[in-house]
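This report refers to the structure that appears directly beneath it.
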Amino acid sequence: MAVTAAGIEAGAAILDQIKQDYPAFVPLLQIPDIAQLILKASTPGAQWTPQKLQAEIEGTDWWRQTSQPGRNWQVLQLTQPGEAARQSGQMAVQVHQLAAQEGIVLSPTDLGDLVQKAQSNSWTSAQIQQAVAGHAAQKTLTAGSIQKSAMDLQSTASQYGVPVSPHTAFAWAQKIAAGTATADGFTAYARDSAKALYPTLTQHLDQGMTVRQLADPYLQIAGKTLGVDPNSLELTDPKWTAALQSKDAKGQIVGPMSQDQWQQKIMSDPQYGYDHTENARASATQMVQQLATTFGVMK
C-alpha cells in the first residue's frame, strides 16, 4: 500500500499523542506487539485508561512468552540504554573472569551471548558459572582449573587402577566447574569402578585404601627386578595389576599373588622384558662364573 501524505500526517499526529499521553512508552514502540497497542490506544476517540493499556499489554504474545527478567532487561535497554550498557559491561567482566579462572577461552560472540542471556534471565553467579563451563572445549583451553582438574581426576583414577579417557576426565572436570559434580564424587566413582575390576580388594577399598597402595609392594619388587623406577609403573597397564589378580586352575581370580609368584612371573613372562635388563645380564654372568668355578673351567 502506498504511503500518502495524509497517512504520514495521521501517523505523526498519533505519535505526538503518544508522546503526550504515554511518554514513558515511546521507546517501547520498538517492540512490535507493544507498538500496535500503543498506536491503537492513542487513536483519537479510543479513550484507553492506563489500566486498560496495561491489561492489554499483559495479554500480548510478547508479555506471555517473555520471562519477567527478560521483559525488564528489554525495557531497560530501550528506556535507559546508558544504564543497560553499564550493567552489560559489569556482567562481561564477571563472565570473562569466571572463564579465565576455568581456563576457558571465549570468543567475543560467545561472551556477548552469555552476557545477554545472563542479563535476560537474571542468572545467579552459580548459573553463570555453569553456563561458562558449558562453553568449555578441549581445544580452546588454556592452563586453567578445568584443564588442571581433568589432569587431577586422571591421577585419581590412576591411583585406583581405573583407565579413564581424557574425554571422560574432561567431562567430569566440566561438571565440577559448573557445580553439578564434585571431586569427591569422582573419587567414589573411581573406587566403585576399582571394586568391579578387583573384587577381591573390595574390603580394603572400603577401608579407604587405593589400588596403588595395595599394589605398592609388588611395584617395588618389579622396579628392583627390572631396574626401573616403580613410580613410573602405571596401574592402567594390566601387566602391573596382574599381581593383584592371581587365578586358580579354573581361571577364577582368587586374590593377589604371593611376592615369590610375582617375581617369578616378572622374570619368566616375556612381556616384562626381564631378559634385556642389566639385572638379568648380571645374573647370567654370575651363573656362568659359578659353573666355571664348580667344574674347574678356567678362562
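Just remember, in the C-alpha cells the first chain shown is A, the second B, etc., residues are 1-based per chain, and ligands are 1-based in the order shown.
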
Give me, as a Markdown table, each residue of stretch 107-153 of chain A that comes within 8 Å of stretch 63-74 of chain A, together with its shortest interatomic pair and the distance in Å at one decimal, counting only C-alpha atoms, with rows ordered by chain and rising residue number.
```
| residue | atom | partner | partner_atom | distance |
| --- | --- | --- | --- | --- |
| A:Gln119 | CA | A:Trp73 | CA | 6.6 |
| A:Ser120 | CA | A:Gly70 | CA | 4.2 |
| A:Asn121 | CA | A:Pro69 | CA | 5.3 |
| A:Ser122 | CA | A:Pro69 | CA | 5.9 |
```

Could you find all residues in stretch 206-278 of chain A that DSSP calls strand (DSSP E) from the backbone, and write them as number ranges by chain? A: 246-247, 253-255

Any chance you could export the current selection's C-alpha atoms as an mmCIF file, in the first residue's frame?
```cif
data_model
loop_
_atom_site.group_PDB
_atom_site.id
_atom_site.type_symbol
_atom_site.label_atom_id
_atom_site.label_comp_id
_atom_site.auth_asym_id
_atom_site.auth_seq_id
_atom_site.Cartn_x
_atom_site.Cartn_y
_atom_site.Cartn_z
ATOM 1 C CA SER A 246 46.097 -64.348 40.808
ATOM 2 C CA LYS A 247 43.945 -67.052 39.201
ATOM 3 C CA ILE A 253 40.558 -64.616 40.340
ATOM 4 C CA VAL A 254 41.330 -65.606 43.905
ATOM 5 C CA GLY A 255 43.342 -62.650 45.136
#
```

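With only C-alpha atoms as the atoms that count, the minimum distance from A:Gln30 to the choices A:Gln51, A:Thr168, A:Gln154, A:Thr79 is reached by A:Thr79.
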
task: Name the residues of stretch 92-299 of chain A that come out as helix (DSSP H, G or I) in a backbone DSSP run; write them as a ChimeraX atom specification.
output: /A:92-101,108-121,125-134,138-140,145-159,166-178,183-197,199-206,211-226,230-232,238-244,259-268,270-272,274-276,278-294

Write out as a PDB file with C-alpha atoms, in the first residue's frame each polymer residue whose atoms come within 8 Å of A:His135, counting only C-alpha atoms; drop sequence neighbours fewer than 3 positions from it.
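And here's out-v8.pdb as it stands now:
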```
ATOM      1  CA  ILE A 104      38.191 -21.199  29.028  1.00  0.00           C
ATOM      2  CA  LEU A 106      35.512 -17.293  24.952  1.00  0.00           C
ATOM      3  CA  ALA A 131      26.909 -21.650  31.584  1.00  0.00           C
ATOM      4  CA  VAL A 132      30.562 -20.652  31.277  1.00  0.00           C
TER       5      VAL A 132
END
```

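If you count only C-alpha atoms and ignore residues fewer than 3 places along the chain from stretch 175-182 of chain A, what sits within 8 Å of it is Glu102, Ala126, Gln129, Gln130, Ala131, Val132, Ala133, Gly134, Ser145, Ile146, Ala171, Trp172, Gly185 and Phe186 of chain A.
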
Item to check | From A:Ser107, A:Gln264, A:Ser232, A:Thr200, residue lying nearest A:Ser158 [only C-alpha atoms] | outcome: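 The answer is A:Ser232, which sits nearest to A:Ser158.
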
- request: Do a neighbour search on A:Gly227 at 9 Å with only C-alpha atoms, toss out local chain neighbours closer than 4 positions, and write the hits as a PyMOL selection string.
  value: chain A and resi 222-223+277-279

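For the atom pair formed by atom CA of A:Met267 and atom CA of A:Ala242, the distance is 13.8 Å, given to one decimal.
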
Task: Non-local contacts of A:Gln245 (12 Å; only C-alpha atoms; under 4 positions in same chain excluded) as a PyMOL selection string - done: chain A and resi 197-201+211+214-215+218+238-241+251-258+261-262

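Around A:Ala41, within 8 Å and counting only C-alpha atoms, the residues found are A:Gln47, A:Trp48, A:Leu53, once anything fewer than 6 positions away on its own chain is removed.
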